[in-house]
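J.: This one is target03.cif, mmCIF, C-alpha atoms and all ligand atoms.
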```cif
data_final
#
loop_
_atom_site.label_atom_id
_atom_site.label_comp_id
_atom_site.auth_asym_id
_atom_site.auth_seq_id
_atom_site.Cartn_x
_atom_site.Cartn_y
_atom_site.Cartn_z
CA MET A 1 -4.89 40.81 -0.93
CA LYS A 2 -7.48 41.37 -3.64
CA ALA A 3 -5.35 39.78 -6.35
CA ARG A 4 -4.74 36.85 -4.02
CA ALA A 5 -8.47 36.46 -3.37
CA ILE A 6 -9.10 36.43 -7.14
CA ALA A 7 -6.34 33.84 -7.63
CA VAL A 8 -7.90 31.65 -4.93
CA LEU A 9 -11.35 32.08 -6.46
CA SER A 10 -10.12 31.18 -9.95
CA ALA A 11 -8.37 28.13 -8.53
CA ILE A 12 -11.69 27.08 -7.03
CA LEU A 13 -13.47 27.72 -10.34
CA ILE A 14 -10.88 25.67 -12.23
CA ALA A 15 -11.51 22.87 -9.75
CA MET A 16 -15.28 23.11 -10.24
CA PRO A 17 -15.68 20.19 -12.68
CA PHE A 18 -14.47 17.93 -9.90
CA ALA A 19 -16.38 16.83 -6.86
CA ALA A 20 -14.72 17.54 -3.53
CA THR A 21 -13.79 14.77 -1.09
CA ALA A 22 -13.48 14.97 2.68
CA GLN A 23 -9.95 16.36 2.26
CA ASN A 24 -11.27 18.75 -0.38
CA TYR A 25 -8.94 17.56 -3.10
CA PRO A 26 -10.35 17.79 -6.62
CA VAL A 27 -11.44 14.35 -7.79
CA THR A 28 -11.45 12.67 -11.18
CA GLN A 29 -13.40 9.41 -11.13
CA GLY A 30 -12.23 6.78 -13.59
CA LYS A 31 -14.06 3.53 -14.30
CA THR A 32 -12.27 1.81 -11.42
CA TYR A 33 -9.91 4.27 -9.77
CA LYS A 34 -10.64 7.55 -8.07
CA PHE A 35 -7.90 10.15 -8.50
CA GLU A 36 -7.49 12.87 -5.89
CA LYS A 37 -5.33 15.74 -7.11
CA VAL A 38 -3.18 16.50 -4.06
CA ALA A 39 -0.75 18.85 -5.86
CA ASP A 40 -0.06 20.02 -9.39
CA GLY A 41 0.41 16.80 -11.38
CA VAL A 42 0.27 14.56 -8.30
CA TYR A 43 -2.70 12.24 -7.85
CA TYR A 44 -3.60 9.73 -5.14
CA ALA A 45 -5.37 6.76 -6.75
CA THR A 46 -7.74 4.58 -4.75
CA GLY A 47 -10.51 2.08 -5.43
CA GLY A 48 -8.48 -0.58 -7.23
CA PHE A 49 -7.70 -4.16 -6.23
CA GLY A 50 -4.68 -3.99 -3.91
CA SER A 51 -2.57 -0.97 -3.05
CA ASN A 52 -3.48 2.67 -3.23
CA ASN A 53 -1.26 4.12 -5.92
CA VAL A 54 0.20 7.50 -6.82
CA VAL A 55 0.37 9.05 -10.28
CA ILE A 56 3.02 11.72 -10.88
CA VAL A 57 2.55 13.56 -14.17
CA ASN A 58 5.78 15.19 -15.37
CA ASP A 59 6.55 17.49 -18.34
CA GLN A 60 6.93 14.59 -20.78
CA ASP A 61 5.88 11.45 -19.03
CA VAL A 62 4.23 9.76 -16.08
CA LEU A 63 5.62 7.89 -13.09
CA VAL A 64 3.33 5.70 -11.02
CA VAL A 65 3.96 4.39 -7.53
CA ASP A 66 2.71 0.79 -7.11
CA ASP A 67 0.29 -1.07 -9.38
CA GLY A 68 -2.11 -3.34 -7.47
CA THR A 69 -2.65 -7.07 -7.03
CA THR A 70 -3.21 -8.34 -10.58
CA PRO A 71 -2.40 -7.52 -14.20
CA ALA A 72 -6.15 -6.83 -14.59
CA ALA A 73 -6.01 -4.24 -11.79
CA ALA A 74 -2.99 -2.60 -13.45
CA ARG A 75 -4.73 -2.55 -16.85
CA ALA A 76 -7.73 -0.81 -15.26
CA PHE A 77 -5.31 1.65 -13.63
CA ILE A 78 -3.50 2.33 -16.94
CA GLU A 79 -6.84 2.87 -18.68
CA ASP A 80 -8.15 5.21 -15.99
CA ILE A 81 -4.96 7.31 -15.96
CA LYS A 82 -6.02 8.47 -19.45
CA ALA A 83 -8.76 10.49 -17.71
CA ILE A 84 -6.10 12.70 -16.10
CA THR A 85 -3.30 12.80 -18.69
CA ASN A 86 -2.43 11.67 -22.22
CA LYS A 87 1.31 11.51 -21.42
CA PRO A 88 2.86 8.05 -21.52
CA ILE A 89 3.62 6.04 -18.39
CA ARG A 90 7.40 5.52 -18.40
CA TYR A 91 8.14 4.52 -14.80
CA VAL A 92 6.63 2.29 -12.17
CA VAL A 93 8.09 2.41 -8.68
CA ASN A 94 7.39 -0.62 -6.47
CA THR A 95 7.53 0.55 -2.85
CA HIS A 96 8.13 -3.06 -1.71
CA PHE A 97 7.73 -6.63 -2.95
CA HIS A 98 4.28 -7.57 -1.60
CA TYR A 99 1.76 -8.85 -4.12
CA ASP A 100 -0.70 -6.00 -3.70
CA HIS A 101 1.94 -3.47 -4.89
CA THR A 102 3.80 -5.43 -7.56
CA ASP A 103 1.65 -8.10 -9.19
CA GLY A 104 0.38 -5.57 -11.74
CA ASN A 105 3.98 -5.22 -13.04
CA SER A 106 3.52 -7.64 -15.94
CA ALA A 107 0.77 -5.44 -17.43
CA PHE A 108 3.29 -2.76 -18.42
CA GLY A 109 5.07 -2.80 -21.78
CA PRO A 110 8.83 -2.90 -22.40
CA GLU A 111 8.92 0.92 -22.68
CA VAL A 112 8.16 1.15 -18.96
CA GLN A 113 11.00 1.02 -16.43
CA ILE A 114 10.10 -0.73 -13.22
CA ILE A 115 12.20 0.65 -10.39
CA ALA A 116 12.60 -0.59 -6.82
CA HIS A 117 15.09 -1.22 -4.07
CA GLU A 118 17.40 -4.14 -4.94
CA TYR A 119 15.77 -6.24 -2.18
CA VAL A 120 12.49 -6.18 -4.16
CA ARG A 121 14.18 -7.77 -7.15
CA THR A 122 15.75 -10.45 -4.94
CA ALA A 123 12.42 -11.10 -3.19
CA ILE A 124 10.34 -11.44 -6.35
CA ALA A 125 13.02 -13.51 -8.09
CA THR A 126 13.76 -15.91 -5.21
CA PHE A 127 11.03 -15.93 -2.51
CA ASP A 128 8.40 -17.96 -4.44
CA VAL A 129 6.03 -15.10 -3.58
CA LEU A 130 2.80 -16.83 -4.68
CA ASN A 131 3.47 -19.71 -2.27
CA ARG A 132 4.26 -17.70 0.84
CA GLU A 133 2.63 -15.07 3.05
CA PRO A 134 1.05 -12.60 2.69
CA PHE A 135 -0.32 -13.96 -0.61
CA ILE A 136 -1.39 -17.37 0.76
CA THR A 137 -3.75 -16.19 3.50
CA SER A 138 -4.89 -12.96 1.87
CA GLN A 139 -5.56 -14.33 -1.64
CA LYS A 140 -4.67 -17.94 -2.42
CA THR A 141 -6.81 -19.48 0.32
CA ALA A 142 -9.17 -16.55 1.04
CA VAL A 143 -10.74 -16.32 -2.42
CA PRO A 144 -11.56 -20.07 -2.84
CA ALA A 145 -12.93 -20.08 0.73
CA ARG A 146 -15.20 -17.18 -0.18
CA ILE A 147 -16.37 -18.94 -3.35
CA GLU A 148 -17.14 -22.08 -1.34
CA ALA A 149 -19.02 -20.15 1.36
CA LEU A 150 -21.07 -18.20 -1.20
CA THR A 151 -21.93 -21.38 -3.12
CA LYS A 152 -23.28 -22.96 0.09
CA GLN A 153 -25.22 -19.81 0.98
CA ILE A 154 -26.79 -19.68 -2.49
CA ALA A 155 -27.90 -23.31 -2.24
CA ALA A 156 -29.54 -22.63 1.13
CA GLU A 157 -31.11 -19.25 0.28
CA LYS A 158 -34.87 -19.30 -0.44
CA ASP A 159 -35.45 -15.57 -0.98
CA PRO A 160 -34.94 -14.85 -4.72
CA GLN A 161 -33.70 -11.29 -4.16
CA LYS A 162 -31.10 -12.35 -1.59
CA LYS A 163 -30.13 -15.27 -3.81
CA ALA A 164 -29.53 -12.90 -6.75
CA ALA A 165 -27.34 -10.65 -4.60
CA LEU A 166 -25.29 -13.66 -3.46
CA GLN A 167 -24.92 -14.83 -7.06
CA LYS A 168 -23.55 -11.41 -7.97
CA ASP A 169 -21.01 -11.67 -5.13
CA LEU A 170 -20.08 -15.16 -6.30
CA ALA A 171 -19.52 -13.95 -9.87
CA ALA A 172 -17.26 -11.17 -8.53
CA ALA A 173 -15.26 -13.66 -6.44
CA GLN A 174 -14.90 -15.99 -9.46
CA THR A 175 -13.67 -13.09 -11.62
CA ASN A 176 -11.27 -12.21 -8.84
CA TRP A 177 -9.99 -15.81 -8.77
CA SER A 178 -9.48 -16.00 -12.53
CA GLN A 179 -7.62 -12.67 -12.47
CA LEU A 180 -5.30 -14.04 -9.79
CA GLN A 181 -4.37 -16.90 -12.15
CA GLU A 182 -2.94 -14.36 -14.59
CA ILE A 183 -0.29 -13.14 -12.13
CA LYS A 184 3.30 -13.49 -13.28
CA PRO A 185 5.55 -12.11 -10.56
CA THR A 186 7.72 -9.61 -12.43
CA PRO A 187 10.78 -8.14 -10.73
CA PRO A 188 11.87 -4.53 -11.24
CA ASN A 189 14.37 -4.01 -14.07
CA ILE A 190 16.10 -1.04 -12.42
CA THR A 191 17.25 -1.31 -8.81
CA TYR A 192 19.06 0.97 -6.40
CA SER A 193 20.47 0.51 -2.91
CA SER A 194 20.17 3.77 -0.96
CA LYS A 195 18.98 6.68 -3.08
CA MET A 196 17.96 7.39 -6.67
CA VAL A 197 16.86 10.76 -8.01
CA LEU A 198 14.85 11.38 -11.17
CA HIS A 199 14.96 14.91 -12.54
CA LYS A 200 11.90 15.45 -14.71
CA GLY A 201 11.79 19.07 -15.87
CA ALA A 202 11.06 21.13 -12.79
CA ARG A 203 10.12 18.05 -10.80
CA GLU A 204 12.56 16.19 -8.59
CA ILE A 205 11.55 12.68 -7.59
CA GLN A 206 13.65 11.06 -4.88
CA LEU A 207 13.53 7.32 -4.25
CA LEU A 208 14.85 6.75 -0.75
CA PHE A 209 15.70 3.63 1.20
CA LEU A 210 15.65 4.85 4.80
CA GLY A 211 16.41 1.49 6.40
CA ARG A 212 14.72 -1.88 6.88
CA GLY A 213 11.33 -1.96 8.49
CA HIS A 214 8.07 -3.17 7.01
CA THR A 215 10.21 -5.38 4.74
CA GLY A 216 13.92 -5.57 3.99
CA GLY A 217 13.60 -3.05 1.16
CA ASP A 218 10.89 -0.42 1.27
CA THR A 219 11.17 2.73 -0.85
CA VAL A 220 9.66 6.07 0.02
CA VAL A 221 9.07 8.37 -2.93
CA PHE A 222 9.79 11.92 -1.85
CA LEU A 223 8.90 15.06 -3.77
CA PRO A 224 10.94 17.77 -1.98
CA ARG A 225 9.42 20.75 -3.80
CA GLU A 226 5.84 19.58 -3.27
CA ARG A 227 6.69 18.39 0.27
CA ILE A 228 4.91 15.10 -0.41
CA VAL A 229 6.10 11.62 0.56
CA CYS A 230 4.65 8.33 -0.73
CA THR A 231 5.32 5.74 1.96
CA GLY A 232 3.86 2.48 0.63
CA ASP A 233 3.24 0.23 3.64
CA LEU A 234 6.25 1.45 5.62
CA MET A 235 3.76 3.95 7.02
CA GLU A 236 0.03 3.59 6.41
CA SER A 237 -2.72 5.61 8.04
CA ARG A 238 -3.76 2.32 9.71
CA LEU A 239 -1.80 -0.65 11.08
CA ALA A 240 0.43 -2.26 8.47
CA TYR A 241 1.05 -5.97 7.82
CA MET A 242 4.02 -7.12 9.92
CA GLY A 243 4.76 -10.57 8.47
CA ASP A 244 8.08 -9.56 6.88
CA ALA A 245 9.08 -6.88 9.37
CA PHE A 246 12.29 -5.95 11.16
CA PHE A 247 10.76 -4.39 14.23
CA ASP A 248 13.40 -2.27 15.98
CA GLU A 249 14.78 -1.17 12.61
CA TRP A 250 11.26 -0.21 11.51
CA VAL A 251 10.94 2.17 14.48
CA ALA A 252 14.31 3.74 13.56
CA THR A 253 13.39 3.97 9.86
CA LEU A 254 10.17 5.78 10.77
CA GLY A 255 12.36 8.21 12.71
CA ALA A 256 14.34 8.86 9.51
CA LEU A 257 11.04 9.31 7.65
CA LYS A 258 9.96 11.98 10.14
CA ASN A 259 13.19 13.88 9.46
CA LEU A 260 12.15 14.51 5.84
CA ASP A 261 10.53 17.87 5.19
CA PHE A 262 7.01 16.96 4.06
CA ALA A 263 3.50 18.20 4.68
CA LEU A 264 1.57 15.29 3.19
CA VAL A 265 1.91 11.50 3.37
CA LEU A 266 0.36 9.35 0.63
CA PRO A 267 0.27 5.83 2.09
CA GLY A 268 -0.07 2.45 0.37
CA HIS A 269 -3.34 1.85 2.22
CA GLY A 270 -5.73 4.10 4.10
CA VAL A 271 -5.97 7.84 3.56
CA PRO A 272 -3.56 10.74 3.04
CA PHE A 273 -2.50 12.54 6.20
CA GLY A 274 -0.20 15.34 7.25
CA ASP A 275 0.30 14.81 10.96
CA LYS A 276 3.71 13.40 11.89
CA GLY A 277 2.11 12.51 15.23
CA LEU A 278 0.52 9.50 13.53
CA ILE A 279 4.01 8.23 12.66
CA THR A 280 5.05 8.64 16.30
CA ALA A 281 1.90 6.76 17.32
CA PHE A 282 2.78 3.89 14.96
CA GLN A 283 6.33 3.79 16.33
CA GLY A 284 4.73 3.44 19.77
CA TYR A 285 2.50 0.62 18.54
CA LEU A 286 5.45 -1.26 17.02
CA THR A 287 7.54 -0.91 20.18
CA ASP A 288 4.62 -2.05 22.28
CA VAL A 289 3.57 -5.04 20.16
CA THR A 290 7.18 -6.24 20.01
CA LYS A 291 7.62 -5.98 23.78
CA LYS A 292 4.28 -7.53 24.69
CA VAL A 293 4.70 -10.43 22.26
CA ALA A 294 8.26 -10.97 23.54
CA ASP A 295 6.89 -11.18 27.10
CA LEU A 296 4.34 -13.81 26.06
CA ARG A 297 7.03 -15.71 24.18
CA ALA A 298 9.21 -15.66 27.31
CA GLN A 299 6.28 -17.25 29.21
CA GLY A 300 6.34 -20.16 26.75
CA VAL A 301 3.11 -19.17 24.99
CA THR A 302 2.78 -20.24 21.34
CA ALA A 303 2.70 -17.55 18.64
CA GLU A 304 -0.93 -18.42 17.84
CA GLU A 305 -1.96 -18.01 21.48
CA ALA A 306 0.09 -14.79 21.78
CA ALA A 307 -1.72 -13.43 18.71
CA ARG A 308 -5.03 -14.01 20.47
CA ARG A 309 -3.94 -12.59 23.82
CA VAL A 310 -1.67 -9.63 23.11
CA ASP A 311 -3.48 -6.51 24.29
CA LEU A 312 -2.87 -3.40 22.18
CA THR A 313 -6.19 -1.72 22.90
CA SER A 314 -4.36 1.28 24.37
CA HIS A 315 -3.56 2.21 20.72
CA GLN A 316 -7.20 2.21 19.69
CA LYS A 317 -7.53 5.99 19.55
CA ASP A 318 -4.83 6.24 16.86
CA PHE A 319 -5.73 2.98 15.12
CA PRO A 320 -9.49 2.40 15.38
CA GLN A 321 -9.20 -0.94 13.56
CA ILE A 322 -8.16 -2.32 16.99
CA THR A 323 -11.44 -3.48 18.50
CA GLY A 324 -10.20 -5.81 21.23
CA PRO A 325 -7.20 -7.87 22.33
CA GLY A 326 -5.24 -9.67 19.61
CA ALA A 327 -3.03 -9.00 16.59
CA ASP A 328 -2.54 -10.55 13.13
CA VAL A 329 -1.03 -13.98 13.74
CA ARG A 330 1.33 -13.58 10.76
CA GLY A 331 2.86 -10.50 12.39
CA VAL A 332 3.16 -12.27 15.74
CA ARG A 333 4.78 -15.33 14.12
CA ARG A 334 7.22 -12.92 12.52
CA ILE A 335 8.09 -11.38 15.90
CA TYR A 336 8.84 -14.91 17.17
CA ALA A 337 10.99 -15.74 14.14
CA TRP A 338 12.74 -12.37 14.27
CA MET A 339 13.57 -12.94 17.95
CA ASP A 340 14.91 -16.42 17.12
CA GLU A 341 17.11 -14.90 14.39
CA ARG A 342 18.43 -12.32 16.83
CA ALA A 343 19.06 -14.92 19.52
CA LYS A 344 21.33 -16.85 17.10
CA LYS A 345 23.51 -13.78 16.43
ZN ZN B 401 0.07 -3.31 0.83
#
```
Would you put the structure from the file into structure tokens?
Ligand SMILES: [Zn+2]
T.:
Amino acid sequence: MKARAIAVLSAILIAMPFAATAQNYPVTQGKTYKFEKVADGVYYATGGFGSNNVVIVNDQDVLVVDDGTTPAAARAFIEDIKAITNKPIRYVVNTHFHYDHTDGNSAFGPEVQIIAHEYVRTAIATFDVLNREPFITSQKTAVPARIEALTKQIAAEKDPQKKAALQKDLAAAQTNWSQLQEIKPTPPNITYSSKMVLHKGAREIQLLFLGRGHTGGDTVVFLPRERIVCTGDLMESRLAYMGDAFFDEWVATLGALKNLDFALVLPGHGVPFGDKGLITAFQGYLTDVTKKVADLRAQGVTAEEAARRVDLTSHQKDFPQITGPGADVRGVRRIYAWMDERAKK
């Protein structure tokens, strides 16, 4: 027991240069990204523009999971990774095709392999991703609207201090907008269809397609020895975007996820968690939103009206972002479209 206590103490002492977070993981703060060391060589990266990412440092090289909304975000990520390792980044895994996980792809050099499910390549190559959801509402129209609103507020503001703060916000929004212009949707150059395994020294990295759900091709990155799974937006710690979802399949895919032997989930948004009960709760939410929206649709209600009326407040305790009736209209429109597709079959 004594030797064990000393080992624990020395582990704490080694971790001393880092500040502790709520989860008590050692932290390295880069210029933009915060890295939480969740296991030996495994870091959860937050604070960038877009997805939360994962950095997996192997014997010889580095694999990252997802890369944010813009090439500028990815460059900041690449730069900050130097604070935790000097090994070269050789692999990027895109968990799915959405802009906030893949639009940093073009920032990586030709020595970097970009790996994803084959659906991600098809989506980025053929969906015209910068002229469809979720990019349109979340970025393409949101950022100019913010610039316009801030410009009006600045013109009306008399207080010099408040005016200066607004001008700072405006400058940030304008930088954001110019960085969005640099996006060149870049598909993965290595694809797989059901499972791919990378053996990196002692580390085994499994890329798993467990079924359709959040999109038609989400990858979970599973580290069996570390008992860690990176879930992208297939499973977040909060409610995920549903605009490209396959709802009943998503519930089943989450069931397959729960069958993996892991102790820690690193999601594409939100915070790390270990409780499989949250996955069950999200399955319940998906089942419920699908049923309730279907009922409204059967009453002849439009998708927009259904999005305002659908009551999911019973899920508030698991997903505190629910503050009243309603759901994201893009998700509700998708439920309508998905039901139309199914009706045709
Ligand atoms: Zn996302």
J.: Using only C-alpha atoms and all ligand atoms for the distances, tell me which of A:Phe222, A:Tyr91, A:Phe97, A:Tyr119 is nearest to ligand ZN 401 (chain B).
T.: A:Phe97
J.: Sorted by chain and rising residue number, which residues of chain A lie within 8 Å of ligand ZN 401 (chain B), and what are their closest atom pairs and distances in Å to one decimal, counting only C-alpha atoms and all ligand atoms, as CSV?
T.:
```
residue,atom,partner,partner_atom,distance
A:Gly50,CA,B:ZN401,ZN,6.7
A:Ser51,CA,B:ZN401,ZN,5.2
A:His98,CA,B:ZN401,ZN,6.5
A:Tyr99,CA,B:ZN401,ZN,7.6
A:Asp100,CA,B:ZN401,ZN,5.3
A:His101,CA,B:ZN401,ZN,6.0
A:Gly232,CA,B:ZN401,ZN,6.9
A:Asp233,CA,B:ZN401,ZN,5.5
A:Ala240,CA,B:ZN401,ZN,7.7
A:Tyr241,CA,B:ZN401,ZN,7.5
A:Gly268,CA,B:ZN401,ZN,5.8
A:His269,CA,B:ZN401,ZN,6.3
```
J.: Choose the residue, out of A:Arg297, A:His315, A:Lys168, A:Lys82, that has the smallest atom-to-atom separation from Gln29 in chain A; count all atoms listed in the file.
T.: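 Result for the nearest residue to Gln29 in chain A: A:Lys82.
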J.: What is the distance between CA of Ile114 in chain A and CA of Phe246 in chain A, in Å to one decimal?
T.: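 Computing it gives 25.0 Å between the two atoms.
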J.: For Lys184 in chain A, which residue out of A:Ala327, A:Val251, A:Ile78, A:Leu130 is the nearest one, using all atoms listed in the file?
T.: A:Leu130
